[in-house]
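Asks: Take this structure, written in structure tokens, and hold onto it; I'll ask about it next.
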Amino acid sequence: AAKSSGRGCARFYDRSMIEAARTRRIVELDLREALASDQFQMFYQPIVAIGSGRITSCEALLRWRHPEKGMIAPGDFIGIAEEVGLITQIGRVVLGKACREAMLWPASVSVAVNISAIHFHGDVIVNDVAQALARSGLSASRLVIELTESALMHDDAQALSTLTRLRDLGVQIALDDFGTGYSSLSYLQSFPLQKIKIDRSFVSGGRETQKDQTLLVGIARLCKELGLTVVAEGVETSEQLDGLTRMGAIDEVQGYLLARPQATPLVRDLIRAFAANSLTQAVKRTPSR
Ligand code: C2E
Ligand code: MG
Ligand code: MG
Ligand code: MG
């Protein structure tokens with residue numbers, strides 16, 4: 001809010017706002033440099049089918065290798081990248097890297113890419129996805145686009161048209177972090193989705209009360225009825241995996257129990273290890289989880 005400086009002119013910013021703006025500006029310049037000098041790297045976390053114990057896809061998770069600050073997690077810069085208008089450029093880099101690197105994996109393994117709501121709502125997303133596929137040679141069916149509920153919330157008509165155009169390219173669409181946003185079960189029917197990722201908070205995030213578990217089972221069953229693949233995120237213990245397996249409605253699992261996000265070369269070893277062993281054996285043998 002504007003404050004009077006006592007000299008007839010309004011003081012629009014207080015100290016903390018100036019600090020925040022300065023930090024944002026520094027991070028913005030750093031992010032521009034990161035784009036220019038290729039400081040972004042993808043890590044990949046396996047998503048495993050409960051039934052077969054095989055890795056069906058890997059989620060591409062962005063890491064920033066900052067020359068001075070070291071490895072920075074996406075939670076620390078995606079928000080600022082969105083605010084300063086760099087998220088679309090970053091998303092394009094992510095799509096390019098993920099598609100190229102997935103070409104090094106067996107064709108049975110897809111790659112899932114997180115796309116910001118801002119990038120999704122711009123007018124370049126369909127073109128960016130098509131270009132990443134064309135340049136890498138990756139088959140569209142091996143690309144999963146992960147969107148959160150916030151991407152689908154704003155403008156239903158535009159969101160539906162973009163999703164339809166992405167589907168026409170042949171890519172799959174997953175709804176990420178399901179259950180955390182302004183979840184409306186009508187999304188599940190009105191949008192052309194193939195996958196639902198039930199948020200970690202229902203699996204290992206402290207919402208494991210009886211009521212939450214009842215909700216989780218109900219949502220999972222409903223999704224299955226609608227023909228969606230149901231993924232549980234954030235599986236950290238074998239007790240959680242057992243519970244999800246018994247539930248019967250969960251198709252795939254992802255979490256530290258199975259594997260932590262890895263750099264590309266290690267992903268190929270993981271894919272092999274999971275293919276050669278049962279799920280419980282593979283979980284036991286995974287080296288760095
Ligand atoms: P997300 O898409 O829900 O990704 C899952 C996050 O949960 C990842 O964190 C992953 O490392 C973490 N995770 C996986 N298994 C477990 C587990 O068992 N326990 C716990 N506690 N955490 C687990 P990460 O890599 O820090 O990414 C955080 C978020 O940043 C992602 O959440 C996604 O929303 C966003 N993000 C990551 N990469 C990108 C990207 O390339 N573009 C955009 N726009 N957003 C990204
Ligand atoms: Mg995700
Ligand atoms: Mg998620
Ligand atoms: Mg999440």
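FYI, nothing fancy with the structure tokens labels: chains A, B, ... in order, residues from 1 per chain, ligands from 1 as they appear.
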Give as a PyMOL selection string the residues surrounding ligand 4 up to a distance of 12 Å, considering only C-alpha atoms and all ligand atoms.
Replies: chain A and resi 59+61+74-75+114+146-149+175-181+196-205+231-235+254-255
Asks: Quick one: residues within 9 Å of Tyr187 in chain A, only C-alpha atoms counted, chain neighbours fewer than 6 positions away excluded, as an MDAnalysis selection string?
Replies: chainID A and resid 149 152:153 193
Asks: Hey, which of A:Ile145, A:Ile219, A:Leu185, A:Leu104 ends up closest to ligand 3? Count only C-alpha atoms and all ligand atoms.
Replies: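 Distance minimum relative to ligand 3 lands on A:Ile145.
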Asks: Find the residues around Arg54 in chain A up to 12 Å (only C-alpha atoms counted), leave out those fewer than 4 positions away in its own chain, and share them as a PDB file with C-alpha atoms, in the first residue's frame.
Replies:
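selection_6.pdb, written as the output of this step:
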ATOM      1  CA  PRO A  46      11.321 -43.861 -11.819  1.00  0.00           C
ATOM      2  CA  ILE A  47       7.598 -44.551 -11.748  1.00  0.00           C
ATOM      3  CA  VAL A  48       7.010 -48.263 -11.259  1.00  0.00           C
ATOM      4  CA  ALA A  49       4.012 -50.459 -12.129  1.00  0.00           C
ATOM      5  CA  ILE A  50       2.855 -52.278  -8.983  1.00  0.00           C
ATOM      6  CA  CYS A  58      10.595 -41.554 -15.344  1.00  0.00           C
ATOM      7  CA  PRO A 106      14.315 -48.582 -23.732  1.00  0.00           C
ATOM      8  CA  SER A 108       8.982 -49.150 -23.139  1.00  0.00           C
ATOM      9  CA  VAL A 109       9.897 -46.298 -20.789  1.00  0.00           C
ATOM     10  CA  SER A 110       8.203 -42.902 -21.128  1.00  0.00           C
ATOM     11  CA  ASP A 251      -1.471 -48.828 -10.757  1.00  0.00           C
ATOM     12  CA  GLU A 252       1.911 -47.205 -10.286  1.00  0.00           C
ATOM     13  CA  VAL A 253       4.103 -45.909  -7.475  1.00  0.00           C
ATOM     14  CA  GLN A 254       6.833 -43.299  -7.205  1.00  0.00           C
ATOM     15  CA  LEU A 258      11.735 -47.166  -5.057  1.00  0.00           C
ATOM     16  CA  LEU A 270      17.665 -48.698 -12.637  1.00  0.00           C
ATOM     17  CA  ILE A 271      15.464 -49.627 -15.586  1.00  0.00           C
ATOM     18  CA  ARG A 272      17.460 -52.831 -15.990  1.00  0.00           C
ATOM     19  CA  ALA A 273      17.435 -53.647 -12.267  1.00  0.00           C
ATOM     20  CA  PHE A 274      13.665 -53.255 -12.026  1.00  0.00           C
ATOM     21  CA  ALA A 275      13.108 -55.340 -15.173  1.00  0.00           C
ATOM     22  CA  ALA A 276      15.234 -58.192 -13.841  1.00  0.00           C
ATOM     23  CA  ASN A 277      13.750 -58.399 -10.346  1.00  0.00           C
ATOM     24  CA  SER A 278      10.385 -58.533  -8.642  1.00  0.00           C
ATOM     25  CA  LEU A 279       9.245 -55.252  -7.142  1.00  0.00           C
ATOM     26  CA  THR A 280      10.261 -56.211  -3.602  1.00  0.00           C
ATOM     27  CA  GLN A 281      13.652 -57.507  -4.753  1.00  0.00           C
ATOM     28  CA  ALA A 282      14.260 -54.421  -6.854  1.00  0.00           C
ATOM     29  CA  VAL A 283      13.373 -52.156  -3.945  1.00  0.00           C
TER      30      VAL A 283
END
Asks: Mind checking which residues fall within 12 Å of Ile115 in chain A, counting only C-alpha atoms, ignoring those fewer than 6 positions away in the same chain, and posting them as a ChimeraX atom specification?
Replies: /A:59-62,78,82,87-95,121-122,125-126,128-129,144-152,173-176
Asks: Taking into account only C-alpha atoms and all ligand atoms, which residue in the set A:Ala259, A:Ala159, A:Val84, A:Val217 is nearest to ligand 1?
Replies: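 Under the stated criterion, the closest residue is A:Ala259.
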Asks: Env of Met103 in chain A: 10 Å cut, atoms = only C-alpha atoms, seq-sep filter 4 positions within chain, self excluded. Answer as a tab-separated table (two decimals) with all heavy atoms, in the first residue's frame.
Replies:
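Resulting contents of out08.tsv:
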chain	number	residue	atom	x	y	z
A	98	ALA	N	14.66	-33.48	-21.77
A	98	ALA	CA	13.96	-34.71	-21.36
A	98	ALA	C	13.69	-35.61	-22.58
A	98	ALA	O	13.91	-36.83	-22.51
A	98	ALA	CB	12.65	-34.35	-20.65
A	99	CYS	N	13.26	-35.04	-23.69
A	99	CYS	CA	12.98	-35.85	-24.87
A	99	CYS	C	14.27	-36.46	-25.43
A	99	CYS	O	14.30	-37.64	-25.78
A	99	CYS	CB	12.27	-35.02	-25.95
A	99	CYS	SG	10.58	-34.58	-25.51
A	107	ALA	N	12.46	-48.32	-25.28
A	107	ALA	CA	11.26	-47.68	-25.82
A	107	ALA	C	10.03	-47.92	-24.95
A	107	ALA	O	9.01	-47.25	-25.10
A	107	ALA	CB	11.01	-48.16	-27.24
A	109	VAL	N	9.87	-47.26	-21.89
A	109	VAL	CA	9.90	-46.30	-20.79
A	109	VAL	C	9.62	-44.88	-21.31
A	109	VAL	O	10.31	-44.38	-22.20
A	109	VAL	CB	11.25	-46.34	-20.05
A	109	VAL	CG1	11.29	-45.34	-18.91
A	109	VAL	CG2	11.54	-47.76	-19.53
A	110	SER	N	8.58	-44.27	-20.74
A	110	SER	CA	8.20	-42.90	-21.13
A	110	SER	C	8.90	-41.89	-20.24
A	110	SER	O	9.50	-42.24	-19.23
A	110	SER	CB	6.69	-42.71	-20.97
A	110	SER	OG	6.00	-43.70	-21.67
A	111	VAL	N	8.80	-40.63	-20.61
A	111	VAL	CA	9.35	-39.56	-19.78
A	111	VAL	C	8.24	-38.57	-19.46
A	111	VAL	O	7.45	-38.22	-20.32
A	111	VAL	CB	10.56	-38.87	-20.46
A	111	VAL	CG1	10.18	-38.13	-21.75
A	111	VAL	CG2	11.25	-37.92	-19.49
A	136	SER	N	14.10	-34.37	-31.21
A	136	SER	CA	14.71	-35.52	-30.53
A	136	SER	C	14.43	-36.82	-31.25
A	136	SER	O	15.17	-37.78	-31.12
A	136	SER	CB	14.17	-35.62	-29.10
A	136	SER	OG	12.77	-35.84	-29.14
A	137	GLY	N	13.31	-36.85	-31.97
A	137	GLY	CA	12.89	-38.09	-32.59
A	137	GLY	C	12.11	-38.99	-31.66
A	137	GLY	O	11.77	-40.13	-31.99
A	138	LEU	N	11.80	-38.47	-30.47
A	138	LEU	CA	11.04	-39.28	-29.50
A	138	LEU	C	9.60	-39.45	-29.98
A	138	LEU	O	8.97	-38.50	-30.43
A	138	LEU	CB	11.04	-38.60	-28.12
A	138	LEU	CG	10.44	-39.42	-26.98
A	138	LEU	CD1	11.41	-40.51	-26.51
A	138	LEU	CD2	10.07	-38.52	-25.79
A	139	SER	N	9.10	-40.66	-29.85
A	139	SER	CA	7.71	-40.92	-30.21
A	139	SER	C	6.80	-40.20	-29.22
A	139	SER	O	7.02	-40.22	-28.01
A	139	SER	CB	7.48	-42.43	-30.19
A	139	SER	OG	6.14	-42.69	-29.89
A	142	ARG	N	5.59	-41.55	-25.94
A	142	ARG	CA	6.51	-41.72	-24.81
A	142	ARG	C	6.68	-40.45	-23.99
A	142	ARG	O	7.50	-40.42	-23.08
A	142	ARG	CB	7.89	-42.19	-25.32
A	142	ARG	CG	7.87	-43.62	-25.84
A	142	ARG	CD	9.25	-44.04	-26.30
A	142	ARG	NE	10.22	-44.01	-25.21
A	142	ARG	CZ	11.54	-44.00	-25.39
A	142	ARG	NH1	12.04	-44.00	-26.63
A	142	ARG	NH2	12.35	-44.00	-24.37
Asks: For a test of reading the model, state the distance in Å between atom 10 (C, counted along the ligand's line) of ligand 1 and CA of Ala134 in chain A, rounded to one decimal.
Replies: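 Those two atoms sit 27.9 Å apart.
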